[in-house]
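**Student:** Pasting a structure below so you can have a look.
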Amino acid sequence: MGSDNGKPKVRLGRMVEDGVAPSILGLIERGVAREPGLASEIRGRVVFRFAEEFSPLRIFFRPRTVVIEDGDLRKPDLVVAGRLPDIVHMATVPTLGGRFGGLPDPRQARGRRGLHRLASGRVRIEGDGALARRLLRLLAV
């Protein structure tokens, strides 16, 4: 299970009937292809928990692989929670670069809406802040 030129291999793990793992796989694959260096540096366990009746989604960022699958974790490094549309919109907002890399860009309307989702509690992010910023940067459209 290797990678091409340091780029982690993205794979789909366990799936359940009410899960969304295949949907998120495309977003992660796109981010890994766009920013392979960033993707190869990310380490940690992320869980997305949805307000709707969907299975939680977990992502394992490992040295040579990224595994996306349906299911929860007892002690993730990062939890992103909220309604599925809010999480998807938040995850795909344009982000700032430099030392603020990964934070939503307030200079753009979609970035401001992303910040509003955070400030209003529509999307909650708990845990490793550096992992959260890297994840948002990887998912940014």
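Order determines the names: the first chain of the structure tokens is A, the second B, and so forth; residues in each chain are numbered 1 upward, and ligands are numbered 1 upward as they are shown.
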Using only C-alpha atoms, which protein or nucleic acid residues come within 6 Å of region 32-49 of chain A? Drop anything in the same chain fewer than 3 positions from it, and give the result as a list in words.

**Tutor:** Lys7, Pro8, Glu29, Pro56, Leu57, Arg58, Ile59, Phe60, Phe61, Arg62, Pro76, Asp77, Leu78, Val79, Val80 and Ala81 of chain A

**Student:** Output as a ChimeraX atom specification all residues of chain A that backbone DSSP marks as alpha helix (DSSP H).

**Tutor:** /A:21-34,36-41,84-91,109-119,129-139

**Student:** Please write the residues from the selection above to a file, keeping C-alpha atoms, as a compact mmCIF listing (two decimals), in the first residue's frame.

**Tutor:**
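Output file again-v2.txt follows:
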```txt
# COMPACT_ATOMS: atom_id res chain seq x y z
CA ALA A 21 -18.31 7.89 3.09
CA PRO A 22 -18.44 7.47 -0.72
CA SER A 23 -19.65 11.08 -1.05
CA ILE A 24 -16.78 12.52 0.97
CA LEU A 25 -14.21 10.32 -0.77
CA GLY A 26 -14.30 12.57 -3.86
CA LEU A 27 -13.65 15.72 -1.84
CA ILE A 28 -10.67 14.13 -0.11
CA GLU A 29 -9.27 12.69 -3.36
CA ARG A 30 -9.48 16.11 -5.00
CA GLY A 31 -7.67 17.76 -2.08
CA VAL A 32 -4.93 15.11 -2.01
CA ALA A 33 -4.38 15.50 -5.77
CA ARG A 34 -4.29 19.31 -5.47
CA PRO A 36 -0.14 16.17 -2.07
CA GLY A 37 2.50 17.74 0.19
CA LEU A 38 -0.09 18.93 2.69
CA ALA A 39 -1.93 15.61 2.54
CA SER A 40 1.25 13.65 3.23
CA GLU A 41 1.90 15.72 6.38
CA LEU A 84 -24.66 17.72 6.58
CA PRO A 85 -25.28 20.73 4.27
CA ASP A 86 -23.62 23.10 6.75
CA ILE A 87 -20.60 20.82 7.12
CA VAL A 88 -20.21 20.38 3.36
CA HIS A 89 -20.47 24.13 2.75
CA MET A 90 -18.08 24.84 5.61
CA ALA A 91 -15.61 22.25 4.37
CA ALA A 109 -18.53 35.92 0.62
CA ARG A 110 -18.34 32.11 0.93
CA GLY A 111 -15.54 32.48 3.48
CA ARG A 112 -17.66 34.89 5.55
CA ARG A 113 -20.58 32.45 5.41
CA GLY A 114 -18.23 29.72 6.64
CA LEU A 115 -17.13 31.88 9.55
CA HIS A 116 -20.79 32.58 10.34
CA ARG A 117 -21.51 28.84 10.43
CA LEU A 118 -18.77 28.48 13.04
CA ALA A 119 -19.73 31.55 15.08
CA GLY A 129 -6.90 23.14 15.85
CA ALA A 130 -3.90 22.56 13.57
CA LEU A 131 -5.52 19.38 12.24
CA ALA A 132 -8.78 21.30 11.67
CA ARG A 133 -7.01 24.03 9.66
CA ARG A 134 -5.14 21.47 7.56
CA LEU A 135 -8.33 19.52 6.90
CA LEU A 136 -10.21 22.67 5.84
CA ARG A 137 -7.32 23.63 3.58
CA LEU A 138 -7.31 20.16 2.03
CA LEU A 139 -11.07 20.31 1.39
```

**Student:** Have a look at A:Glu126, A:Asp70, A:Asp18, A:Asp105 and name the one nearest to Phe54 (chain A); count only C-alpha atoms.

**Tutor:** A:Asp18

**Student:** Quick one: pick out all strand (DSSP E) residues within region 12-89 of chain A from a backbone DSSP run and write them as a list of chain:residue names.

**Tutor:**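 Strand (DSSP E) assignments inside region 12-89 of chain A correspond to A:Leu12, A:Gly44, A:Arg45, A:Val46, A:Val47, A:Phe48, A:Arg49, A:Phe50, A:Leu57, A:Arg58, A:Ile59, A:Phe60, A:Phe61, A:Thr65, A:Val66, A:Val67, A:Ile68, A:Glu69, A:Asp70, A:Leu78, A:Val79, A:Val80, A:Ala81, A:Gly82.
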